[in-house]
>>> print(open('target36.pdb').read())   # PDB, C-alpha atoms
ATOM      1  CA  MET W   2      39.394-189.553-125.710  1.00  0.00           C
ATOM      2  CA  ASP W   3      40.576-188.454-122.314  1.00  0.00           C
ATOM      3  CA  ILE W   4      42.821-185.496-123.117  1.00  0.00           C
ATOM      4  CA  ASN W   5      45.537-185.163-120.519  1.00  0.00           C
ATOM      5  CA  HIS W   6      49.143-184.074-120.449  1.00  0.00           C
ATOM      6  CA  PRO W   7      50.620-187.462-121.484  1.00  0.00           C
ATOM      7  CA  ASN W   8      48.389-187.421-124.592  1.00  0.00           C
ATOM      8  CA  ILE W   9      49.525-183.914-125.469  1.00  0.00           C
ATOM      9  CA  LEU W  10      53.187-184.802-124.870  1.00  0.00           C
ATOM     10  CA  THR W  11      52.761-187.834-127.149  1.00  0.00           C
ATOM     11  CA  LEU W  12      51.415-185.575-129.905  1.00  0.00           C
ATOM     12  CA  ILE W  13      54.372-183.217-129.492  1.00  0.00           C
ATOM     13  CA  ARG W  14      56.726-186.194-129.699  1.00  0.00           C
ATOM     14  CA  LYS W  15      55.031-187.324-132.929  1.00  0.00           C
ATOM     15  CA  ILE W  16      55.659-183.910-134.459  1.00  0.00           C
ATOM     16  CA  ILE W  17      59.320-184.000-133.472  1.00  0.00           C
ATOM     17  CA  ARG W  18      59.737-187.554-134.780  1.00  0.00           C
ATOM     18  CA  SER W  19      58.097-186.765-138.126  1.00  0.00           C
ATOM     19  CA  VAL W  20      60.459-183.820-138.616  1.00  0.00           C
ATOM     20  CA  ASP W  21      63.451-185.952-137.629  1.00  0.00           C
ATOM     21  CA  ILE W  22      62.432-188.819-139.943  1.00  0.00           C
ATOM     22  CA  ASP W  23      61.940-186.468-142.901  1.00  0.00           C
ATOM     23  CA  SER W  24      65.278-184.718-142.297  1.00  0.00           C
ATOM     24  CA  LYS W  25      67.123-188.038-142.104  1.00  0.00           C
ATOM     25  CA  ARG W  26      65.340-189.357-145.219  1.00  0.00           C
ATOM     26  CA  ILE W  27      66.349-186.342-147.293  1.00  0.00           C
ATOM     27  CA  GLU W  28      69.924-186.492-145.989  1.00  0.00           C
ATOM     28  CA  LYS W  29      70.219-190.231-146.695  1.00  0.00           C
ATOM     29  CA  GLU W  30      68.585-190.238-150.134  1.00  0.00           C
ATOM     30  CA  PHE W  31      69.998-186.982-151.495  1.00  0.00           C
ATOM     31  CA  GLY W  32      73.046-186.174-149.371  1.00  0.00           C
ATOM     32  CA  VAL W  33      71.817-182.730-148.381  1.00  0.00           C
ATOM     33  CA  SER W  34      70.071-181.282-145.363  1.00  0.00           C
ATOM     34  CA  ILE W  35      66.706-179.535-145.559  1.00  0.00           C
ATOM     35  CA  PRO W  36      68.277-176.024-145.345  1.00  0.00           C
ATOM     36  CA  GLN W  37      70.747-176.999-148.062  1.00  0.00           C
ATOM     37  CA  LEU W  38      67.888-178.244-150.240  1.00  0.00           C
ATOM     38  CA  LEU W  39      65.910-175.044-149.609  1.00  0.00           C
ATOM     39  CA  THR W  40      68.977-173.007-150.588  1.00  0.00           C
ATOM     40  CA  LEU W  41      69.255-174.907-153.875  1.00  0.00           C
ATOM     41  CA  GLN W  42      65.525-174.466-154.499  1.00  0.00           C
ATOM     42  CA  PHE W  43      65.853-170.721-153.860  1.00  0.00           C
ATOM     43  CA  LEU W  44      68.751-170.408-156.293  1.00  0.00           C
ATOM     44  CA  GLU W  45      66.737-172.283-158.917  1.00  0.00           C
ATOM     45  CA  THR W  46      64.072-169.548-158.783  1.00  0.00           C
ATOM     46  CA  GLN W  47      66.519-166.646-159.125  1.00  0.00           C
ATOM     47  CA  GLU W  48      67.502-164.856-162.310  1.00  0.00           C
ATOM     48  CA  ASP W  49      70.550-166.603-163.782  1.00  0.00           C
ATOM     49  CA  PHE W  50      70.296-169.101-160.889  1.00  0.00           C
ATOM     50  CA  LYS W  51      72.368-166.860-158.633  1.00  0.00           C
ATOM     51  CA  ALA W  52      72.010-164.847-155.441  1.00  0.00           C
ATOM     52  CA  THR W  53      74.155-163.203-152.815  1.00  0.00           C
ATOM     53  CA  SER W  54      74.658-164.866-149.465  1.00  0.00           C
ATOM     54  CA  THR W  55      72.645-162.016-147.936  1.00  0.00           C
ATOM     55  CA  GLN W  56      69.700-162.808-150.227  1.00  0.00           C
ATOM     56  CA  ILE W  57      69.922-166.464-149.207  1.00  0.00           C
ATOM     57  CA  LYS W  58      70.144-165.467-145.536  1.00  0.00           C
ATOM     58  CA  ASN W  59      67.060-163.273-145.870  1.00  0.00           C
ATOM     59  CA  HIS W  60      65.123-165.950-147.733  1.00  0.00           C
ATOM     60  CA  LEU W  61      65.878-168.660-145.181  1.00  0.00           C
ATOM     61  CA  GLU W  62      65.622-166.225-142.254  1.00  0.00           C
ATOM     62  CA  LEU W  63      68.787-167.630-140.702  1.00  0.00           C
ATOM     63  CA  ASN W  64      71.813-165.889-139.250  1.00  0.00           C
ATOM     64  CA  ALA W  65      74.874-165.200-141.391  1.00  0.00           C
ATOM     65  CA  SER W  66      77.117-167.813-139.763  1.00  0.00           C
ATOM     66  CA  THR W  67      74.542-170.548-140.306  1.00  0.00           C
ATOM     67  CA  VAL W  68      74.150-169.573-143.965  1.00  0.00           C
ATOM     68  CA  THR W  69      77.938-169.535-144.352  1.00  0.00           C
ATOM     69  CA  GLY W  70      78.018-173.135-143.093  1.00  0.00           C
ATOM     70  CA  ILE W  71      75.250-174.155-145.502  1.00  0.00           C
ATOM     71  CA  ILE W  72      77.042-172.483-148.412  1.00  0.00           C
ATOM     72  CA  ASN W  73      80.383-174.092-147.515  1.00  0.00           C
ATOM     73  CA  ARG W  74      78.835-177.575-147.399  1.00  0.00           C
ATOM     74  CA  LEU W  75      77.080-177.037-150.745  1.00  0.00           C
ATOM     75  CA  LEU W  76      80.338-175.742-152.271  1.00  0.00           C
ATOM     76  CA  SER W  77      82.221-178.832-151.066  1.00  0.00           C
ATOM     77  CA  LYS W  78      79.584-181.044-152.711  1.00  0.00           C
ATOM     78  CA  GLY W  79      79.845-179.146-156.007  1.00  0.00           C
ATOM     79  CA  LEU W  80      76.148-178.207-155.903  1.00  0.00           C
ATOM     80  CA  ILE W  81      76.882-174.476-155.999  1.00  0.00           C
ATOM     81  CA  ALA W  82      79.802-172.284-157.038  1.00  0.00           C
ATOM     82  CA  LYS W  83      80.997-168.800-156.213  1.00  0.00           C
ATOM     83  CA  SER W  84      81.130-166.204-158.971  1.00  0.00           C
ATOM     84  CA  PRO W  85      82.610-162.697-158.594  1.00  0.00           C
ATOM     85  CA  ASN W  86      80.105-159.875-158.355  1.00  0.00           C
ATOM     86  CA  PRO W  87      81.192-157.294-160.972  1.00  0.00           C
ATOM     87  CA  LYS W  88      79.303-154.565-159.094  1.00  0.00           C
ATOM     88  CA  ASP W  89      81.117-155.273-155.815  1.00  0.00           C
ATOM     89  CA  GLY W  90      84.774-156.233-156.017  1.00  0.00           C
ATOM     90  CA  ARG W  91      84.685-157.805-152.565  1.00  0.00           C
ATOM     91  CA  GLY W  92      81.392-159.624-153.074  1.00  0.00           C
ATOM     92  CA  TYR W  93      80.396-162.726-154.940  1.00  0.00           C
ATOM     93  CA  TYR W  94      77.325-164.561-156.118  1.00  0.00           C
ATOM     94  CA  ILE W  95      76.318-168.044-155.110  1.00  0.00           C
ATOM     95  CA  VAL W  96      75.401-169.882-158.311  1.00  0.00           C
ATOM     96  CA  LEU W  97      73.517-173.135-158.765  1.00  0.00           C
ATOM     97  CA  THR W  98      75.685-175.634-160.664  1.00  0.00           C
ATOM     98  CA  ALA W  99      74.519-178.245-163.166  1.00  0.00           C
ATOM     99  CA  LYS W 100      75.090-180.862-160.458  1.00  0.00           C
ATOM    100  CA  GLY W 101      72.866-178.880-158.057  1.00  0.00           C
ATOM    101  CA  SER W 102      70.194-178.513-160.718  1.00  0.00           C
ATOM    102  CA  GLN W 103      70.322-182.241-161.409  1.00  0.00           C
ATOM    103  CA  LEU W 104      69.808-182.996-157.705  1.00  0.00           C
ATOM    104  CA  LEU W 105      66.763-180.715-157.650  1.00  0.00           C
ATOM    105  CA  ARG W 106      65.192-182.539-160.596  1.00  0.00           C
ATOM    106  CA  LYS W 107      65.153-185.759-158.582  1.00  0.00           C
ATOM    107  CA  SER W 108      64.493-184.328-155.116  1.00  0.00           C
ATOM    108  CA  PRO W 109      61.246-185.147-153.336  1.00  0.00           C
ATOM    109  CA  VAL W 110      58.638-182.956-151.752  1.00  0.00           C
ATOM    110  CA  THR W 111      59.732-182.300-148.184  1.00  0.00           C
ATOM    111  CA  LEU W 112      57.590-182.459-145.076  1.00  0.00           C
ATOM    112  CA  GLN W 113      57.762-178.668-145.053  1.00  0.00           C
ATOM    113  CA  GLY W 114      56.358-178.550-148.586  1.00  0.00           C
ATOM    114  CA  LYS W 115      53.558-180.962-147.738  1.00  0.00           C
ATOM    115  CA  VAL W 116      52.602-179.100-144.551  1.00  0.00           C
ATOM    116  CA  THR W 117      52.713-175.741-146.327  1.00  0.00           C
ATOM    117  CA  LYS W 118      50.260-176.947-148.981  1.00  0.00           C
ATOM    118  CA  LYS W 119      47.937-178.405-146.350  1.00  0.00           C
ATOM    119  CA  ILE W 120      47.989-175.218-144.269  1.00  0.00           C
ATOM    120  CA  GLU W 121      47.202-173.179-147.394  1.00  0.00           C
ATOM    121  CA  SER W 122      44.144-175.374-147.977  1.00  0.00           C
ATOM    122  CA  LEU W 123      42.708-174.705-144.507  1.00  0.00           C
ATOM    123  CA  SER W 124      39.888-172.254-143.981  1.00  0.00           C
ATOM    124  CA  ASN W 125      40.674-168.956-142.268  1.00  0.00           C
ATOM    125  CA  ASP W 126      39.056-170.232-139.063  1.00  0.00           C
ATOM    126  CA  GLU W 127      41.096-173.451-139.131  1.00  0.00           C
ATOM    127  CA  THR W 128      44.301-171.502-139.805  1.00  0.00           C
ATOM    128  CA  ASP W 129      43.509-169.152-136.916  1.00  0.00           C
ATOM    129  CA  THR W 130      42.794-172.080-134.574  1.00  0.00           C
ATOM    130  CA  LEU W 131      46.015-173.815-135.580  1.00  0.00           C
ATOM    131  CA  TYR W 132      48.029-170.617-135.138  1.00  0.00           C
ATOM    132  CA  LYS W 133      46.583-169.984-131.680  1.00  0.00           C
ATOM    133  CA  GLY W 134      47.128-173.606-130.613  1.00  0.00           C
ATOM    134  CA  VAL W 135      50.738-173.674-131.763  1.00  0.00           C
ATOM    135  CA  GLY W 136      51.253-170.251-130.172  1.00  0.00           C
ATOM    136  CA  LEU W 137      49.977-171.623-126.853  1.00  0.00           C
ATOM    137  CA  LEU W 138      52.336-174.585-127.193  1.00  0.00           C
ATOM    138  CA  ILE W 139      55.256-172.192-127.759  1.00  0.00           C
ATOM    139  CA  GLN W 140      54.281-170.336-124.580  1.00  0.00           C
ATOM    140  CA  LEU W 141      54.139-173.600-122.621  1.00  0.00           C
ATOM    141  CA  LEU W 142      57.596-174.513-123.926  1.00  0.00           C
ATOM    142  CA  GLU W 143      58.789-171.020-122.944  1.00  0.00           C
ATOM    143  CA  ALA W 144      60.150-170.679-126.467  1.00  0.00           C
ATOM    144  CA  GLU W 145      58.728-167.284-127.436  1.00  0.00           C
ATOM    145  CA  ASN W 146      62.155-165.639-127.548  1.00  0.00           C
ATOM    146  CA  LEU W 147      63.963-168.340-129.495  1.00  0.00           C
ATOM    147  CA  ASP W 148      65.354-167.293-132.858  1.00  0.00           C
ATOM    148  CA  ALA W 149      63.717-169.538-135.436  1.00  0.00           C
ATOM    149  CA  ALA W 150      63.397-169.681-139.181  1.00  0.00           C
ATOM    150  CA  PRO W 151      60.290-170.930-140.979  1.00  0.00           C
ATOM    151  CA  LEU W 152      62.072-174.234-141.630  1.00  0.00           C
ATOM    152  CA  ILE W 153      60.856-177.600-140.503  1.00  0.00           C
ATOM    153  CA  THR W 154      64.135-179.333-139.728  1.00  0.00           C
ATOM    154  CA  LEU W 155      66.275-180.765-136.968  1.00  0.00           C
ATOM    155  CA  CYS W 156      69.403-181.049-139.069  1.00  0.00           C
ATOM    156  CA  ASP W 157      72.971-180.132-138.234  1.00  0.00           C
ATOM    157  CA  ASP W 158      73.110-177.053-140.499  1.00  0.00           C
ATOM    158  CA  LEU W 159      71.080-175.107-137.959  1.00  0.00           C
ATOM    159  CA  SER W 160      72.728-176.428-134.812  1.00  0.00           C
ATOM    160  CA  LYS W 161      76.381-176.312-135.904  1.00  0.00           C
ATOM    161  CA  ASN W 162      76.531-172.537-136.155  1.00  0.00           C
ATOM    162  CA  GLN W 163      74.207-171.375-133.408  1.00  0.00           C
TER
END
>>> encode(input="target36.pdb", output="structure tokens")
Amino acid sequence: MDINHPNILTLIRKIIRSVDIDSKRIEKEFGVSIPQLLTLQFLETQEDFKATSTQIKNHLELNASTVTGIINRLLSKGLIAKSPNPKDGRGYYIVLTAKGSQLLRKSPVTLQGKVTKKIESLSNDETDTLYKGVGLLIQLLEAENLDAAPLITLCDDLSKNQ
């Protein structure tokens, strides 16, 4: 194969399209965005199915305003609820509801989940090569200083509050 810049740009476009297709599939089938789904999955792993918004923010590695938007959309869908934090009169917990738990039982594996498992199965040399190649791509895109979470998504939750 003659590797030239149109071939590389086509590969980049395929990555973007696969992320977009997966995000739209999850949104259409389950009515939640990828960050919303990841928030529900995080709550499912927590003791008593609850966490503070700061814990969610730290887990998703997103800014506070973005997490607030995610939480508000999940609240409006009845997938989570707010519960007072007895240790902090001003604070509250975000709690997974039965409806949120039910959605998780039927939710699919996301592209992010599939890619994560495949990356974990790579050898150290393959992982290093992939990391260096993606790092070079980031340099070419002049995107080194962009704030980014380890989420594979193009959905509105991330763009609405940034």
>>> closest_residue(input="target36.pdb", among="W:Arg14, W:Arg74, W:Lys51, W:Lys107", to="Pro36 in chain W", atoms="all atoms listed in the file")
W:Arg74
>>> atom_distance(input="target36.pdb", atom1="CA of Ile71 in chain W", atom2="CA of Gln103 in chain W")
18.5 Å
>>> resolve_selection(input="target36.pdb", expression="the PyMOL selection byres ((chain W and resi 56) around 12)", output="list of chain:residue names")
W:Thr40, W:Phe43, W:Leu44, W:Gln47, W:Lys51, W:Ala52, W:Thr53, W:Ser54, W:Thr55, W:Ile57, W:Lys58, W:Asn59, W:His60, W:Leu61, W:Glu62, W:Leu63, W:Asn64, W:Ala65, W:Val68, W:Tyr93, W:Tyr94, W:Ile95
>>> axis_aligned_box(input="target36.pdb", around="range 72-84 of chain W", padding_each_side="5 Å", output="lines of an AutoDock Vina configuration file")
center_x = 79.2
center_y = -173.6
center_z = -153.2
size_x = 16.1
size_y = 24.8
size_z = 21.6
>>> residues_around(input="target36.pdb", residues="range 79-81 of chain W", least_positions_apart="3", cutoff="6 Å", atoms="only C-alpha atoms", output="PDB file with C-alpha atoms, keeping the file's coordinate frame")
ATOM      1  CA  LEU W  75      77.080-177.037-150.745  1.00  0.00           C
ATOM      2  CA  LEU W  76      80.338-175.742-152.271  1.00  0.00           C
ATOM      3  CA  VAL W  96      75.401-169.882-158.311  1.00  0.00           C
ATOM      4  CA  LEU W  97      73.517-173.135-158.765  1.00  0.00           C
ATOM      5  CA  THR W  98      75.685-175.634-160.664  1.00  0.00           C
ATOM      6  CA  LYS W 100      75.090-180.862-160.458  1.00  0.00           C
ATOM      7  CA  GLY W 101      72.866-178.880-158.057  1.00  0.00           C
TER       8      GLY W 101
END
>>> atom_distance(input="target36.pdb", atom1="CA of Leu141 in chain W", atom2="CA of Asp21 in chain W")
21.6 Å
>>> resolve_selection(input="target36.pdb", expression="the PyMOL selection byres ((chain W and resi 111) around 12)", output="compact mmCIF listing (two decimals) with C-alpha atoms, in the coordinates of the input")
# COMPACT_ATOMS: atom_id res chain seq x y z
CA SER W 19 58.10 -186.76 -138.13
CA VAL W 20 60.46 -183.82 -138.62
CA ASP W 21 63.45 -185.95 -137.63
CA ILE W 22 62.43 -188.82 -139.94
CA ASP W 23 61.94 -186.47 -142.90
CA SER W 24 65.28 -184.72 -142.30
CA LYS W 25 67.12 -188.04 -142.10
CA ARG W 26 65.34 -189.36 -145.22
CA ILE W 27 66.35 -186.34 -147.29
CA GLU W 28 69.92 -186.49 -145.99
CA PHE W 31 70.00 -186.98 -151.50
CA SER W 34 70.07 -181.28 -145.36
CA ILE W 35 66.71 -179.54 -145.56
CA PRO W 36 68.28 -176.02 -145.34
CA LEU W 38 67.89 -178.24 -150.24
CA LEU W 39 65.91 -175.04 -149.61
CA GLN W 42 65.53 -174.47 -154.50
CA LEU W 105 66.76 -180.72 -157.65
CA SER W 108 64.49 -184.33 -155.12
CA PRO W 109 61.25 -185.15 -153.34
CA VAL W 110 58.64 -182.96 -151.75
CA LEU W 112 57.59 -182.46 -145.08
CA GLN W 113 57.76 -178.67 -145.05
CA GLY W 114 56.36 -178.55 -148.59
CA LYS W 115 53.56 -180.96 -147.74
CA VAL W 116 52.60 -179.10 -144.55
CA THR W 117 52.71 -175.74 -146.33
CA LYS W 118 50.26 -176.95 -148.98
CA LEU W 152 62.07 -174.23 -141.63
CA ILE W 153 60.86 -177.60 -140.50
CA THR W 154 64.14 -179.33 -139.73
>>> residues_around(input="target36.pdb", residues="range 7-13 of chain W", least_positions_apart="3", cutoff="12 Å", atoms="all atoms listed in the file", output="list in words")
Met2, Asp3, Ile4, Ile16, Ile17, Arg18, Ser19, Val20, Gly134, Val135, Leu138, Ile139, Leu141 and Leu142 of chain W
>>> atom_distance(input="target36.pdb", atom1="CA of Thr46 in chain W", atom2="CA of Thr128 in chain W")
27.5 Å
